[in-house]
Every structure is written in C-alpha cells, then in structure tokens.
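J.: Below is start-v8.cif; it holds mmCIF, C-alpha atoms.
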data_model
loop_
_atom_site.label_atom_id
_atom_site.label_comp_id
_atom_site.auth_asym_id
_atom_site.auth_seq_id
_atom_site.Cartn_x
_atom_site.Cartn_y
_atom_site.Cartn_z
CA ILE A 66 1.47 -23.19 4.19
CA LYS A 67 3.93 -25.47 2.40
CA GLN A 68 4.37 -25.13 -1.35
CA GLU A 69 2.94 -28.58 -2.07
CA LYS A 70 -0.26 -27.81 -0.16
CA LEU A 71 -0.65 -24.46 -1.93
CA LEU A 72 -0.32 -26.12 -5.34
CA TRP A 73 -2.83 -28.80 -4.31
CA MET A 74 -5.31 -26.13 -3.17
CA LEU A 75 -5.00 -24.26 -6.46
CA LYS A 76 -5.53 -27.48 -8.43
CA GLU A 77 -8.63 -28.27 -6.37
CA ILE A 78 -10.04 -24.80 -7.01
CA LYS A 79 -9.62 -25.29 -10.76
CA ILE A 80 -11.37 -28.68 -10.62
CA LYS A 81 -14.17 -27.95 -8.16
CA LEU A 82 -14.73 -24.25 -8.86
CA PRO A 83 -14.16 -23.94 -12.64
CA TRP A 84 -15.91 -20.54 -12.73
CA VAL A 85 -13.18 -19.00 -10.56
CA ASN A 86 -10.73 -17.29 -12.93
CA ARG A 87 -8.39 -15.64 -10.43
CA VAL A 88 -7.12 -16.42 -6.94
CA GLY A 89 -5.45 -13.83 -4.72
CA THR A 90 -3.69 -13.87 -1.38
CA TYR A 91 -2.37 -11.51 1.25
CA ALA A 92 1.37 -11.58 1.94
CA ASN A 93 4.09 -9.67 3.73
CA ALA A 94 7.83 -9.42 3.16
CA LYS A 95 8.53 -12.18 5.70
CA SER A 96 6.22 -14.72 4.07
CA LEU A 97 7.40 -13.84 0.56
CA LYS A 98 11.03 -14.35 1.60
CA ARG A 99 10.15 -17.99 2.22
CA LYS A 100 9.19 -18.43 -1.43
CA SER A 101 11.74 -18.65 -4.21
CA LEU A 102 11.07 -17.06 -7.59
CA LYS A 103 10.48 -20.53 -9.07
CA GLU A 104 7.93 -21.36 -6.37
CA LEU A 105 6.03 -18.13 -7.03
CA GLU A 106 6.11 -18.83 -10.77
CA ALA A 107 4.64 -22.28 -10.12
CA LEU A 108 1.86 -20.77 -8.01
CA ASN A 109 1.15 -18.32 -10.81
CA ARG A 110 0.88 -21.13 -13.38
CA TYR A 111 -1.69 -22.84 -11.18
CA GLY A 112 -3.85 -19.74 -10.89
CA LEU A 113 -2.45 -17.36 -8.26
CA GLY A 114 -3.10 -14.06 -10.03
CA ILE A 115 -2.55 -11.31 -7.46
CA ILE A 116 -0.79 -10.71 -4.15
CA TYR A 117 -1.88 -7.99 -1.72
CA MET A 118 1.02 -6.60 0.29
CA GLY A 119 1.11 -3.98 3.02
CA VAL A 120 3.96 -1.52 2.49
CA GLU A 121 2.66 1.21 4.85
CA SER A 122 5.82 3.36 4.52
CA GLY A 123 9.10 3.56 2.66
CA ASP A 124 10.83 5.20 5.61
CA ASP A 125 12.83 2.72 7.68
CA GLU A 126 12.50 4.69 10.93
CA THR A 127 8.71 4.74 10.55
CA LEU A 128 8.61 1.03 9.72
CA GLN A 129 10.66 0.25 12.81
CA HIS A 130 8.53 2.49 15.01
CA VAL A 131 5.31 0.69 14.05
CA ASN A 132 6.97 -2.73 14.39
CA LYS A 133 6.59 -3.64 10.72
CA LYS A 134 9.44 -6.20 10.93
CA ALA A 135 10.63 -5.32 7.43
CA THR A 136 12.93 -2.71 5.96
CA SER A 137 12.29 -0.69 2.84
CA LEU A 138 14.83 -2.88 1.02
CA ASP A 139 12.94 -6.03 2.10
CA LEU A 140 9.72 -4.59 0.72
CA ILE A 141 11.35 -3.59 -2.57
CA GLU A 142 13.05 -6.96 -3.10
CA GLN A 143 9.94 -9.00 -2.37
CA GLY A 144 7.70 -6.74 -4.44
CA ILE A 145 10.03 -7.05 -7.43
CA LYS A 146 10.10 -10.85 -7.00
CA VAL A 147 6.30 -11.01 -7.14
CA ARG A 148 6.24 -9.03 -10.39
CA LYS A 149 9.03 -11.17 -11.89
CA ALA A 150 6.94 -14.27 -11.15
CA GLY A 151 4.18 -12.87 -13.34
CA ILE A 152 1.84 -12.21 -10.42
CA LYS A 153 0.07 -8.88 -10.14
CA LEU A 154 1.05 -6.84 -7.09
CA SER A 155 -1.30 -4.63 -5.09
CA VAL A 156 0.20 -2.65 -2.20
CA THR A 157 -1.18 -0.38 0.50
CA VAL A 158 0.41 2.69 2.09
CA LEU A 159 -0.71 4.67 5.14
CA LEU A 160 -0.97 8.45 5.10
CA GLY A 161 -0.15 10.03 8.45
CA LEU A 162 1.80 7.04 9.77
CA ALA A 163 4.96 9.08 10.46
CA GLY A 164 3.09 11.88 12.23
CA ILE A 165 3.44 15.55 11.36
CA GLU A 166 7.16 15.73 12.13
CA LYS A 167 8.23 13.26 9.42
CA SER A 168 5.22 13.59 7.14
CA LEU A 169 7.03 14.70 3.99
CA ILE A 170 10.00 12.38 4.57
CA HIS A 171 7.54 9.47 4.86
CA ALA A 172 5.81 10.65 1.67
CA ARG A 173 8.98 10.99 -0.40
CA LYS A 174 10.59 7.76 0.73
CA THR A 175 7.35 5.86 0.22
CA GLY A 176 7.11 7.26 -3.31
CA GLU A 177 10.69 6.14 -3.97
CA VAL A 178 9.98 2.61 -2.69
CA LEU A 179 6.82 2.38 -4.78
CA SER A 180 8.77 3.49 -7.84
CA GLN A 181 11.30 0.69 -7.39
CA MET A 182 8.61 -1.95 -6.71
CA ASN A 183 6.50 -0.74 -9.66
CA PRO A 184 3.26 -2.42 -8.45
CA ASN A 185 0.13 -2.81 -10.54
CA TYR A 186 -2.05 -1.20 -7.88
CA ILE A 187 -1.40 1.20 -5.00
CA GLY A 188 -4.01 1.89 -2.35
CA ALA A 189 -3.47 4.85 -0.04
CA LEU A 190 -5.39 4.80 3.25
CA THR A 191 -5.43 7.50 5.91
CA LEU A 192 -4.38 6.59 9.43
CA MET A 193 -7.20 6.45 11.99
CA LEU A 194 -5.91 5.90 15.52
CA VAL A 195 -7.31 2.93 17.42
CA PRO A 196 -7.44 2.95 21.24
CA GLY A 197 -5.07 0.48 22.85
CA THR A 198 -2.39 0.81 20.19
CA LEU A 199 1.08 2.28 20.62
CA LEU A 200 0.37 5.24 18.32
CA HIS A 201 -2.88 6.06 20.10
CA ASP A 202 -1.08 6.05 23.45
CA GLU A 203 1.62 8.32 22.03
CA PHE A 204 -1.11 10.57 20.59
CA LYS A 205 -2.78 10.89 24.02
CA ASN A 206 0.59 11.69 25.60
CA ARG A 207 1.32 14.24 22.85
CA LYS A 208 4.34 12.32 21.64
CA PHE A 209 2.69 11.69 18.27
CA VAL A 210 0.96 14.49 16.36
CA LEU A 211 -1.42 13.35 13.64
CA PRO A 212 -1.42 15.52 10.48
CA ASP A 213 -4.65 17.44 9.87
CA GLN A 214 -6.71 17.34 6.67
CA GLN A 215 -4.58 19.75 4.67
CA GLN A 216 -1.34 18.14 5.85
CA MET A 217 -2.63 14.69 4.87
CA LEU A 218 -3.39 16.00 1.39
CA LEU A 219 0.06 17.58 1.16
CA GLU A 220 1.56 14.23 2.16
CA LEU A 221 -0.44 12.46 -0.54
CA HIS A 222 0.57 15.10 -3.11
CA GLU A 223 4.25 14.61 -2.22
CA MET A 224 3.94 10.82 -2.31
CA ILE A 225 2.44 10.84 -5.79
CA ARG A 226 4.99 13.41 -6.96
CA PHE A 227 7.80 11.00 -6.01
CA THR A 228 6.08 7.91 -7.45
CA GLU A 229 7.16 6.86 -10.94
CA LEU A 230 5.39 3.80 -12.35
CA ASN A 231 5.63 2.18 -15.76
CA GLN A 232 1.89 1.60 -15.64
CA GLY A 233 -0.18 1.33 -12.50
CA LEU A 234 -3.33 2.45 -10.74
CA PHE A 235 -3.05 4.75 -7.71
CA LEU A 236 -6.19 4.75 -5.57
CA ALA A 237 -7.05 6.82 -2.51
CA ASN A 238 -10.76 6.03 -2.42
CA HIS A 239 -10.86 4.19 0.90
CA ALA A 240 -13.50 5.29 3.44
CA SER A 241 -10.73 6.71 5.65
CA ASN A 242 -9.59 9.25 3.06
CA TYR A 243 -10.60 12.91 2.98
CA LEU A 244 -10.53 13.17 -0.83
CA PRO A 245 -11.24 10.12 -3.02
CA ILE A 246 -8.93 9.94 -6.02
CA ARG A 247 -8.22 7.47 -8.81
CA ALA A 248 -5.25 7.96 -11.12
CA ARG A 249 -3.65 5.88 -13.83
CA LEU A 250 0.08 6.55 -13.59
CA PRO A 251 1.98 7.99 -15.33
CA ARG A 252 -0.85 9.21 -17.59
CA ASP A 253 -2.89 11.06 -14.94
CA LYS A 254 -0.05 12.22 -12.70
CA ASP A 255 -0.07 15.93 -13.55
CA LYS A 256 -3.86 16.02 -13.52
CA ILE A 257 -4.21 14.43 -10.08
CA LEU A 258 -1.44 16.59 -8.61
CA GLY A 259 -3.44 19.58 -9.82
CA VAL A 260 -6.60 18.29 -8.16
CA LEU A 261 -4.73 17.77 -4.89
CA LYS A 262 -3.26 21.27 -5.10
CA GLN A 263 -6.78 22.71 -5.46
CA ALA A 264 -7.90 20.70 -2.41
CA ILE A 265 -4.88 21.85 -0.39
CA ASP A 266 -5.74 25.45 -1.31
CA GLY A 267 -9.30 24.91 -0.02
CA ASN A 268 -11.04 24.96 -3.40
CA ILE A 269 -12.43 21.41 -3.19
CA LYS A 270 -14.78 20.21 -0.47
CA LEU A 271 -13.36 17.38 1.66
CA LYS A 272 -15.13 14.48 3.34
CA PRO A 273 -16.26 15.44 6.87
CA GLU A 274 -14.89 13.52 9.83
CA TRP A 275 -18.19 11.85 10.62
CA LEU A 276 -18.23 10.15 7.19
CA ARG A 277 -14.77 8.62 7.56
CA ALA A 278 -14.36 5.01 8.60
#
Just give me the structure of the file as structure tokens.

T.:
Amino acid sequence: IKQEKLLWMLKEIKIKLPWVNRVGTYANAKSLKRKSLKELEALNRYGLGIIYMGVESGDDETLQHVNKKATSLDLIEQGIKVRKAGIKLSVTVLLGLAGIEKSLIHARKTGEVLSQMNPNYIGALTLMLVPGTLLHDEFKNRKFVLPDQQQMLLELHEMIRFTELNQGLFLANHASNYLPIRARLPRDKDKILGVLKQAIDGNIKLKPEWLRA
C-alpha cells in the first residue's frame, strides 16, 4: 500500500473509530525496506503503534533453506529502523527450524540478532511440521531431524542465554510450546534460565503432544 493511502487510512480510523487507541500491522524485511525512516515516523504520528515481524532465525543458512528471502543483516537493519521511528516492535522466532544438526547454532545466532534488534516483544514458537511443505518432505525422507522435547528446551535456553535486551518481554507461551514461559529481560533472565534447566533435567512436567497446536 502506498504511503499516502496508509496515512489516509490512519486518519479515517482516528475520525470514525475514536475509541481505537493503537493500530498494528504485520511486516517483513522486504516491505519495511520500501519505507524510509521518515515515512515510518509519519505513520507512527498518525497512530501506527506496533509492527509484528517474523524473524524465525538469525542463522543465514537456515533462513535461506526455508526461503525467507531475507538475511540476518536485513532483519537487523529493518528492526532497528522500526524502533528508531518510535514504533514498538514485536518479533517471532521458531524453535526447531534448523533441525537437530544446527539447533544450537540457530539458537545462538538468533539470540545475537535479537540482541542487535532490541525488540519490545519476542515470541518463541515451536516448529510443527505441516504436510506438503519442504521441511515435512525432508522429515519423511530423513533429511531433516526435528529436535525432541528436551532438545527444543535446550535450544530455547541457549537462545535466551545469547539474547541481551535493554528492556523487553520474551514469551514462549504459544500453544505449540512444550513449556510456557514469560520473562522480562534482562530482569528475569537468570530466573528463567534456571526454570529451563530444571525442565531440561526432567524436574518440570511438560505439555503432552496431544495438547500442542
């Protein structure tokens, strides 16, 4: 959508829906590249309060493999631009996306990318393979090995360990996750790493497969 139309839409929302106090949108690195910092600042002034952006991974090989069409540098640059424009940034990452072979590399590099973006919110989801997709086909042909419960938790532990935020909320409470967590970083970092360590050691009950979605 062109900038002029977006500004018009935001003005109309303010006039016709005065009870709406925040407007959000989904975006990716490609669409954000089309917007200058000044254009994003203008959208923010007219009520755009938050942008939801899929990061998925900070590992370039993983991003290329799943056809993300963005590099880790693209994601960092566009995420920083959103924050500079005064718009809140909420990003999602996918546990298990790199398979078991690159699990910890995916975790560490994703944590490093998140640290540079410094988003307001991070949502971690756990990969659930969908029939008809490339990863599902690779899984059936044993070319892609999905991490098990404990390995997913270890990946999450490593991702949080490598994530340094000024102030942000890290959530892993999606229905796909084995262990729902909510942590305010950096305040709760040591505490949540301890909880994950207990779960990895088998001292905390995890969500059964039939409850995941």

J.: Which residues, named as in the file, does the PyMOL selection byres ((chain A and resi 194) around 12) pick out? Answer as number ranges by chain.

T.: A: 159-162, 164, 191-193, 195-205, 209-212, 241, 278

J.: Could you name the residues that touch Leu102 of chain A at 7 Å or less, counting all atoms listed in the file, but leaving out those on the same chain fewer than 4 positions away, as JSON, numbers by chain?

T.: {"A": [106, 146, 150]}

J.: Any chance you can output those residues with C-alpha atoms as a tab-separated table (two decimals), in the frame of the given file?

T.:
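In the end it all went to part_16.tsv:
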chain	number	residue	atom	x	y	z
A	106	GLU	CA	6.11	-18.83	-10.77
A	146	LYS	CA	10.10	-10.85	-7.00
A	150	ALA	CA	6.94	-14.27	-11.15

J.: Report as a ChimeraX atom specification the full result of the PyMOL selection byres ((chain A and resi 227) around 9) when it is applied to this structure.

T.: /A:172-177,179-180,222-226,228-229

J.: Run the PyMOL selection byres ((chain A and resi 121-137) around 7) against the file shown and list the residues it catches, as a list in words.

T.: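 Checking the PyMOL selection byres ((chain A and resi 121-137) around 7) against this file, the residues are Ala94, Gly119, Val120, Leu138, Asp139, Leu140, Ile141, Thr157, Val158, Leu159, Ala163, His171, Lys174, Thr175 and Val178 of chain A.
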
J.: How far is it from atom CA of Ala248 of chain A to atom CA of Phe235 of chain A, in Å with one decimal?

T.: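 Distance between the two atoms: 5.2 Å.
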
J.: Which value, in Å to one decimal, gives the distance between atom CA of Gln143 of chain A and atom CA of Glu104 of chain A?

T.: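 That distance, rounded to one decimal, is 13.1 Å.
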
J.: Find the distance between atom CA of Leu71 of chain A and atom CA of Ile152 of chain A and write it in Å to one decimal.

T.: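 Interatomic distance here is 15.1 Å.
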
J.: Got a sec: who's within 9 Å of Tyr117 of chain A, counting only C-alpha atoms, leaving out chain neighbours fewer than 5 positions off, as number ranges by chain?

T.: A: 89-93, 153-157
